[in-house]
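Q: I'd like to ask some things about the structure below.
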Amino acid sequence: MPFIPNAESDRKEMLEAIGKKSVEELFADVPARKRFPTLKLPRALSEQEVLKQIGAMAEKNRGADKASWFLGAGVYNHFIPALVPALASRGEFLTAYTPYQPEVSQGTLQAIFEYQSMAARLLGVSVVNASHYDGATALAEAALMAWKLDEDRKKILLPEDLHPEYKAVLKTYFSSFDVEFEEYSGAPEKAKVDARCACLIAGYPCFSGELYQLRTAAQRAHDAGALFIVHTDPLMCAILESPGAQGADIVVAEGQSLGNAMNFGGPGLGMMGATEKLMRKMPGRIVGEAKDHDGRRGFVLTLTAREQHIRREKAVSNICSNQGLVMLQSCIYMAALGAGGMRQVASLCYDKAHYAASLIDGVKGFKVKNRSFFKEFMVSTPVEAQLLVDRLAKRKIMPGLALSRYDAAREKELLICVTEMNSKAEIDQLVAALKEASL
């Protein structure tokens, strides 16, 4: 909102309205010595000078548009068509508040409805809400939802190969509850699911990029009376079988890759979908289609448990807000690309990532550790991975994430991500640079 200064006539009119003769009289209760303290500030700058200074500061950042970018690990560099921010930044969307009043919120409600419809088809579930703060909170909310269905089940099974930050968020959510976390390694079907388990969580793909089939794990969870929760890459679901189609009860995802910029790591978009059986237990909001008394099509908030807002002691969740603008950008992105366009983007990611992996695996001392992956894969390196990152960064190449960031014992592991944004020339340059930097 632009700054609108008050003219002297405006100040006079406001003072008269409150019965004051001057600004000094208005602030008479504030001791005079406290009203205008001496501030050691630099001289004021003009707008032109400020913009120049901010621009110089911004140039110190290492952005994806100024480097060959192979860093992922939860936030991904994908192409965003210009129409996505152009439409999402329209005033009627940008300033919209929570659509409690459907009669004045039809545009926002329809956008949420369309997002839910497309996301549900993508994830293979009956219903999707709108929405959570990011992928980590969506996963934590899903686990909380599963446990609340039967609080006598005190165990939550999660993969060892789950993003460390997601694990931290999960454990923070449950820090006040008598719930036990148990990690398993390898395929989710190998997890020891028993009658104490509230849910079995699986990554599709895992943090390392590894892909596992889900059907057997889903059946094992259901046989034990537990829910099967899957965290997925939504873009990958455009070309590979969705978690919902493989038996997942709840599917969650980080939706940033669907039309949202990386923005220094946020905001994200927490996507959550579930089976029809569970939709009344879902946190967040669901928009439904209805008809008015004249039979005209309209949209309303529906199936939103009010205890989430006011009866918190009975709530499954206290999530009352959503990532409206981030969700809107993903909605526009999916609508603009359509199913065919999303398949094409996902296929480019898959093909380019596998091309990169095949070359890196042929470099002496490097070994791709994945058997199956989508766009992200783990590489063992002959020298410390962070050393490679530091050396290549000087050449304007961001080769990936050194896993020593989360575990000092994994100092020779590098997580590399390749998307449709990476050209063949960039991939070839990355491979050559890794070879040189490891000598």
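Starting from 1 in every chain, residues are counted up; chains themselves are A, B, ... following the order of the structure tokens, and ligands are numbered from 1 as listed.
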Just the residues within 10 Å of Ile319 of chain A, please, counting only C-alpha atoms, with nothing from its chain fewer than 3 positions along; format it as a list in words.

A: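 That gives Ser131, His132, Tyr133, Thr137, Glu141, Pro283, Gly284, Arg285, Gln308, His309, Ala315, Val316 and Asn322 of chain A.
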
Q: Output as number ranges by chain all residues of segment 63-277 of chain A that backbone DSSP marks as alpha helix (DSSP H).

A: A: 83-88, 91-94, 106-123, 135-149, 164-173, 215-223

Q: Convert the current residue selection to file output with C-alpha atoms, as a PDB file, in the first residue's frame.

A:
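In the end it all went to selection_16.pdb:
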ATOM      1  CA  LEU A  83       1.039 -15.505 -16.311  1.00  0.00           C
ATOM      2  CA  VAL A  84       1.205 -17.222 -12.875  1.00  0.00           C
ATOM      3  CA  PRO A  85       2.436 -14.216 -10.838  1.00  0.00           C
ATOM      4  CA  ALA A  86       0.624 -11.811 -13.178  1.00  0.00           C
ATOM      5  CA  LEU A  87      -2.780 -13.304 -12.333  1.00  0.00           C
ATOM      6  CA  ALA A  88      -2.014 -14.114  -8.681  1.00  0.00           C
ATOM      7  CA  GLY A  91      -5.654  -6.853  -6.363  1.00  0.00           C
ATOM      8  CA  GLU A  92      -8.793  -8.926  -5.846  1.00  0.00           C
ATOM      9  CA  PHE A  93      -6.627 -11.943  -5.012  1.00  0.00           C
ATOM     10  CA  LEU A  94      -3.706 -10.196  -3.349  1.00  0.00           C
ATOM     11  CA  GLN A 106     -16.845 -16.315  -5.036  1.00  0.00           C
ATOM     12  CA  GLY A 107     -13.603 -15.680  -6.933  1.00  0.00           C
ATOM     13  CA  THR A 108     -11.382 -16.838  -4.088  1.00  0.00           C
ATOM     14  CA  LEU A 109     -13.631 -19.789  -3.288  1.00  0.00           C
ATOM     15  CA  GLN A 110     -13.731 -20.942  -6.899  1.00  0.00           C
ATOM     16  CA  ALA A 111      -9.934 -20.713  -7.137  1.00  0.00           C
ATOM     17  CA  ILE A 112      -9.617 -22.906  -4.023  1.00  0.00           C
ATOM     18  CA  PHE A 113     -12.192 -25.344  -5.418  1.00  0.00           C
ATOM     19  CA  GLU A 114     -10.325 -25.625  -8.718  1.00  0.00           C
ATOM     20  CA  TYR A 115      -7.022 -26.119  -6.888  1.00  0.00           C
ATOM     21  CA  GLN A 116      -8.534 -28.865  -4.736  1.00  0.00           C
ATOM     22  CA  SER A 117      -9.991 -30.605  -7.783  1.00  0.00           C
ATOM     23  CA  MET A 118      -6.723 -30.617  -9.738  1.00  0.00           C
ATOM     24  CA  ALA A 119      -4.592 -31.521  -6.716  1.00  0.00           C
ATOM     25  CA  ALA A 120      -6.903 -34.418  -5.790  1.00  0.00           C
ATOM     26  CA  ARG A 121      -6.556 -35.859  -9.286  1.00  0.00           C
ATOM     27  CA  LEU A 122      -2.787 -35.399  -9.181  1.00  0.00           C
ATOM     28  CA  LEU A 123      -2.323 -37.073  -5.780  1.00  0.00           C
ATOM     29  CA  GLY A 135       5.227 -29.916   3.356  1.00  0.00           C
ATOM     30  CA  ALA A 136       6.663 -30.510   6.835  1.00  0.00           C
ATOM     31  CA  THR A 137       3.614 -29.193   8.701  1.00  0.00           C
ATOM     32  CA  ALA A 138       1.293 -31.049   6.332  1.00  0.00           C
ATOM     33  CA  LEU A 139       3.086 -34.293   7.212  1.00  0.00           C
ATOM     34  CA  ALA A 140       2.974 -33.527  10.932  1.00  0.00           C
ATOM     35  CA  GLU A 141      -0.732 -32.692  10.718  1.00  0.00           C
ATOM     36  CA  ALA A 142      -1.377 -35.966   8.876  1.00  0.00           C
ATOM     37  CA  ALA A 143       0.389 -37.959  11.592  1.00  0.00           C
ATOM     38  CA  LEU A 144      -1.515 -36.060  14.284  1.00  0.00           C
ATOM     39  CA  MET A 145      -4.768 -36.800  12.472  1.00  0.00           C
ATOM     40  CA  ALA A 146      -3.928 -40.523  12.339  1.00  0.00           C
ATOM     41  CA  TRP A 147      -3.040 -40.673  16.028  1.00  0.00           C
ATOM     42  CA  LYS A 148      -6.182 -38.773  17.073  1.00  0.00           C
ATOM     43  CA  LEU A 149      -8.316 -41.464  15.438  1.00  0.00           C
ATOM     44  CA  PRO A 164      15.857 -34.222   8.777  1.00  0.00           C
ATOM     45  CA  GLU A 165      13.898 -30.975   9.030  1.00  0.00           C
ATOM     46  CA  TYR A 166      10.632 -32.845   8.506  1.00  0.00           C
ATOM     47  CA  LYS A 167      11.597 -35.174  11.337  1.00  0.00           C
ATOM     48  CA  ALA A 168      12.254 -32.186  13.574  1.00  0.00           C
ATOM     49  CA  VAL A 169       8.851 -30.671  12.793  1.00  0.00           C
ATOM     50  CA  LEU A 170       7.118 -34.006  13.431  1.00  0.00           C
ATOM     51  CA  LYS A 171       8.773 -34.408  16.801  1.00  0.00           C
ATOM     52  CA  THR A 172       8.007 -30.814  17.764  1.00  0.00           C
ATOM     53  CA  TYR A 173       4.320 -31.343  16.984  1.00  0.00           C
ATOM     54  CA  ARG A 215       1.185 -51.113  -2.512  1.00  0.00           C
ATOM     55  CA  THR A 216       2.647 -53.806  -0.253  1.00  0.00           C
ATOM     56  CA  ALA A 217       3.383 -51.268   2.484  1.00  0.00           C
ATOM     57  CA  ALA A 218      -0.180 -49.935   2.254  1.00  0.00           C
ATOM     58  CA  GLN A 219      -1.594 -53.433   2.641  1.00  0.00           C
ATOM     59  CA  ARG A 220       0.643 -54.212   5.609  1.00  0.00           C
ATOM     60  CA  ALA A 221      -0.404 -50.993   7.346  1.00  0.00           C
ATOM     61  CA  HIS A 222      -4.085 -51.682   6.753  1.00  0.00           C
ATOM     62  CA  ASP A 223      -3.774 -55.281   7.956  1.00  0.00           C
TER      63      ASP A 223
END

Q: Please return, as a PyMOL selection string, all residues of segment 194-418 of chain A that DSSP assigns to strand (DSSP E) on the basis of the backbone.

A: chain A and resi 197-204+227-232+250-254+270-274+286-291+297-302+367-368+376-380+397-398+401-402+413-417

Q: Selection from above, N, CA and C atoms, as a compact mmCIF listing (two decimals), in the first residue's frame, can you write it?

A:
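Produced file result36.txt, reproduced below:
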# COMPACT_ATOMS: atom_id res chain seq x y z
N CYS A 197 0.78 -49.30 16.22
CA CYS A 197 1.09 -48.24 15.26
C CYS A 197 -0.16 -47.44 14.87
N ALA A 198 -0.05 -46.14 14.98
CA ALA A 198 -1.12 -45.26 14.50
C ALA A 198 -1.01 -45.09 12.99
N CYS A 199 0.25 -45.02 12.51
CA CYS A 199 0.43 -44.82 11.07
C CYS A 199 1.82 -45.24 10.64
N LEU A 200 1.91 -45.58 9.38
CA LEU A 200 3.18 -45.85 8.72
C LEU A 200 3.39 -44.73 7.71
N ILE A 201 4.52 -44.04 7.83
CA ILE A 201 4.84 -42.93 6.94
C ILE A 201 5.87 -43.39 5.92
N ALA A 202 5.69 -42.99 4.68
CA ALA A 202 6.64 -43.33 3.62
C ALA A 202 6.95 -42.11 2.78
N GLY A 203 8.15 -42.06 2.23
CA GLY A 203 8.53 -41.01 1.29
C GLY A 203 8.43 -41.53 -0.13
N TYR A 204 7.91 -40.69 -1.02
CA TYR A 204 7.74 -41.10 -2.42
C TYR A 204 8.00 -39.88 -3.31
N LEU A 227 -2.98 -46.36 9.59
CA LEU A 227 -3.12 -45.57 8.37
C LEU A 227 -1.79 -45.53 7.64
N PHE A 228 -1.86 -45.40 6.33
CA PHE A 228 -0.66 -45.29 5.51
C PHE A 228 -0.58 -43.87 4.97
N ILE A 229 0.48 -43.14 5.37
CA ILE A 229 0.68 -41.75 5.00
C ILE A 229 1.88 -41.64 4.08
N VAL A 230 1.73 -40.94 2.97
CA VAL A 230 2.83 -40.80 2.00
C VAL A 230 3.12 -39.33 1.75
N HIS A 231 4.40 -38.98 1.86
CA HIS A 231 4.85 -37.64 1.44
C HIS A 231 5.45 -37.78 0.06
N THR A 232 4.96 -36.99 -0.89
CA THR A 232 5.35 -37.16 -2.28
C THR A 232 5.81 -35.87 -2.93
N ILE A 250 -3.63 -41.06 3.40
CA ILE A 250 -3.38 -39.62 3.41
C ILE A 250 -2.14 -39.35 2.58
N VAL A 251 -2.22 -38.37 1.69
CA VAL A 251 -1.08 -37.99 0.86
C VAL A 251 -0.77 -36.52 1.15
N VAL A 252 0.49 -36.24 1.44
CA VAL A 252 0.92 -34.87 1.68
C VAL A 252 2.07 -34.54 0.74
N ALA A 253 2.29 -33.25 0.54
CA ALA A 253 3.35 -32.83 -0.39
C ALA A 253 3.72 -31.39 -0.13
N GLU A 254 4.91 -31.03 -0.59
CA GLU A 254 5.32 -29.64 -0.64
C GLU A 254 4.98 -29.14 -2.04
N GLY A 270 1.74 -26.43 1.90
CA GLY A 270 1.49 -27.76 2.44
C GLY A 270 0.23 -28.36 1.84
N MET A 271 0.42 -29.35 0.98
CA MET A 271 -0.71 -30.03 0.34
C MET A 271 -1.10 -31.25 1.18
N MET A 272 -2.40 -31.47 1.33
CA MET A 272 -2.88 -32.67 2.02
C MET A 272 -4.15 -33.18 1.36
N GLY A 273 -4.16 -34.47 1.06
CA GLY A 273 -5.35 -35.11 0.51
C GLY A 273 -5.61 -36.41 1.25
N ALA A 274 -6.85 -36.87 1.21
CA ALA A 274 -7.20 -38.09 1.94
C ALA A 274 -8.34 -38.80 1.24
N ILE A 286 -12.00 -26.95 3.37
CA ILE A 286 -12.41 -27.60 2.12
C ILE A 286 -13.53 -26.76 1.52
N VAL A 287 -13.39 -26.42 0.26
CA VAL A 287 -14.42 -25.65 -0.45
C VAL A 287 -15.27 -26.61 -1.27
N GLY A 288 -16.56 -26.46 -1.19
CA GLY A 288 -17.47 -27.31 -1.94
C GLY A 288 -18.31 -26.51 -2.92
N GLU A 289 -18.84 -27.19 -3.92
CA GLU A 289 -19.72 -26.56 -4.90
C GLU A 289 -21.16 -26.69 -4.43
N ALA A 290 -21.92 -25.63 -4.58
CA ALA A 290 -23.32 -25.62 -4.15
C ALA A 290 -24.15 -24.84 -5.17
N LYS A 291 -25.45 -24.70 -4.88
CA LYS A 291 -26.33 -23.89 -5.72
C LYS A 291 -27.11 -22.94 -4.84
N ARG A 297 -24.81 -21.97 -9.90
CA ARG A 297 -23.63 -22.59 -9.32
C ARG A 297 -22.88 -21.60 -8.43
N GLY A 298 -22.42 -22.08 -7.27
CA GLY A 298 -21.67 -21.24 -6.36
C GLY A 298 -20.73 -22.09 -5.51
N PHE A 299 -19.92 -21.43 -4.66
CA PHE A 299 -18.91 -22.14 -3.87
C PHE A 299 -18.96 -21.66 -2.43
N VAL A 300 -18.76 -22.59 -1.50
CA VAL A 300 -18.82 -22.27 -0.07
C VAL A 300 -17.77 -23.08 0.68
N LEU A 301 -17.39 -22.56 1.86
CA LEU A 301 -16.57 -23.37 2.76
C LEU A 301 -17.45 -24.47 3.32
N THR A 302 -16.95 -25.69 3.28
CA THR A 302 -17.76 -26.82 3.76
C THR A 302 -16.87 -27.80 4.49
N LYS A 367 30.00 -42.23 -7.12
CA LYS A 367 29.08 -43.35 -7.26
C LYS A 367 27.66 -42.93 -6.93
N VAL A 368 26.76 -43.09 -7.89
CA VAL A 368 25.34 -42.81 -7.64
C VAL A 368 24.77 -43.95 -6.80
N GLU A 376 16.06 -36.26 -8.24
CA GLU A 376 17.05 -36.03 -7.21
C GLU A 376 17.73 -37.35 -6.87
N PHE A 377 19.06 -37.32 -6.70
CA PHE A 377 19.78 -38.56 -6.44
C PHE A 377 20.98 -38.29 -5.54
N MET A 378 21.40 -39.34 -4.83
CA MET A 378 22.51 -39.25 -3.88
C MET A 378 23.78 -39.78 -4.52
N VAL A 379 24.87 -39.05 -4.29
CA VAL A 379 26.16 -39.43 -4.85
C VAL A 379 27.19 -39.52 -3.73
N SER A 380 27.96 -40.61 -3.72
CA SER A 380 29.11 -40.68 -2.81
C SER A 380 30.29 -40.04 -3.53
N ILE A 397 28.57 -22.54 -9.91
CA ILE A 397 27.86 -23.81 -10.04
C ILE A 397 27.46 -24.24 -8.63
N MET A 398 26.18 -24.44 -8.39
CA MET A 398 25.71 -24.95 -7.11
C MET A 398 25.41 -26.43 -7.30
N LEU A 401 23.48 -30.44 -2.32
CA LEU A 401 23.54 -30.28 -0.87
C LEU A 401 24.51 -31.30 -0.27
N ALA A 402 25.49 -30.81 0.48
CA ALA A 402 26.40 -31.70 1.20
C ALA A 402 25.67 -32.21 2.43
N GLU A 413 28.86 -37.40 1.02
CA GLU A 413 27.60 -37.64 0.30
C GLU A 413 27.05 -36.31 -0.20
N LEU A 414 26.64 -36.29 -1.44
CA LEU A 414 26.12 -35.08 -2.09
C LEU A 414 24.76 -35.40 -2.70
N LEU A 415 23.75 -34.58 -2.36
CA LEU A 415 22.41 -34.75 -2.92
C LEU A 415 22.25 -33.77 -4.08
N ILE A 416 22.06 -34.32 -5.27
CA ILE A 416 22.00 -33.52 -6.50
C ILE A 416 20.59 -33.54 -7.06
N CYS A 417 20.13 -32.38 -7.50
CA CYS A 417 18.80 -32.26 -8.10
C CYS A 417 18.92 -31.67 -9.51

Q: Figure out the distance between atom CA of Gly365 of chain A and atom CA of Pro382 of chain A, please, to one decimal in Å.

A: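 It comes out at 4.9 Å.
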
Q: Looking at only C-alpha atoms, which of A:Leu403, A:Leu258, A:Val128, A:Ala195 is the one that sits closest to Leu157 of chain A?

A: A:Ala195

Q: What is the atom CA of Gly74 of chain A to atom CA of Glu59 of chain A distance in Å?

A: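 It comes out at 24.2 Å.
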
Q: How many Å lie between atom CA of Gly341 of chain A and atom CA of Ser126 of chain A, rounded to one decimal?

A: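 Computed distance, atom CA of Gly341 of chain A to atom CA of Ser126 of chain A, equals 22.9 Å.
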
Q: Using only C-alpha atoms for the distances, tell me which of A:Val30, A:Val104, A:Leu71, A:Ile54 is nearest to Val418 of chain A.

A: A:Leu71

Q: Name all residues at most 8 Å from Tyr184 of chain A (count only C-alpha atoms; drop same-chain ones fewer than 3 positions away) and give them as number ranges by chain.

A: A: 157-160, 188, 190-192

Q: What are the closest atom pairs, with distances in Å to one decimal, for all residues of segment 21-108 of chain A lying within 12 Å of segment 389-394 of chain A? Consider only C-alpha atoms, order rows by chain and residue number, and present the result as CSV.

A:
residue,atom,partner,partner_atom,distance
A:Asn61,CA,A:Ala393,CA,11.7
A:Arg62,CA,A:Ala393,CA,8.6
A:Gly63,CA,A:Ala393,CA,11.0
A:Ala64,CA,A:Ala393,CA,11.4
A:Lys66,CA,A:Ala393,CA,10.9
A:Ala67,CA,A:Ala393,CA,8.4
A:Ser68,CA,A:Ala393,CA,9.3
A:Trp69,CA,A:Ala393,CA,9.9
A:Phe70,CA,A:Val389,CA,10.6
A:Leu71,CA,A:Val389,CA,10.1

Q: Write a file of the just-selected residues containing N, CA and C atoms, as a compact mmCIF listing (two decimals), in the first residue's frame.

A:
# COMPACT_ATOMS: atom_id res chain seq x y z
N ASN A 61 23.96 -11.95 -3.01
CA ASN A 61 23.34 -13.27 -2.89
C ASN A 61 23.69 -14.13 -4.10
N ARG A 62 23.75 -15.44 -3.86
CA ARG A 62 24.00 -16.38 -4.95
C ARG A 62 22.65 -16.97 -5.36
N GLY A 63 22.02 -16.42 -6.37
CA GLY A 63 20.69 -16.84 -6.78
C GLY A 63 20.74 -17.87 -7.89
N ALA A 64 19.64 -18.59 -8.04
CA ALA A 64 19.56 -19.64 -9.06
C ALA A 64 19.64 -19.07 -10.47
N LYS A 66 21.62 -16.79 -11.40
CA LYS A 66 22.99 -16.34 -11.67
C LYS A 66 24.00 -17.49 -11.59
N ALA A 67 23.49 -18.72 -11.56
CA ALA A 67 24.38 -19.87 -11.44
C ALA A 67 23.73 -21.09 -12.07
N SER A 68 24.55 -22.13 -12.29
CA SER A 68 24.00 -23.42 -12.69
C SER A 68 23.54 -24.10 -11.41
N TRP A 69 22.25 -24.34 -11.31
CA TRP A 69 21.64 -24.69 -10.02
C TRP A 69 21.22 -26.16 -9.96
N PHE A 70 21.86 -26.92 -9.06
CA PHE A 70 21.54 -28.33 -8.88
C PHE A 70 21.21 -28.63 -7.42
N LEU A 71 20.77 -27.61 -6.72
CA LEU A 71 20.41 -27.74 -5.31
C LEU A 71 18.90 -27.91 -5.17

Q: I need the residue nearest Gln329 of chain A from this list: A:Gly265, A:Pro81, A:Gly247, A:Gly186. Use only C-alpha atoms for the distance.

A: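 Under the stated criterion, the closest residue is A:Pro81.
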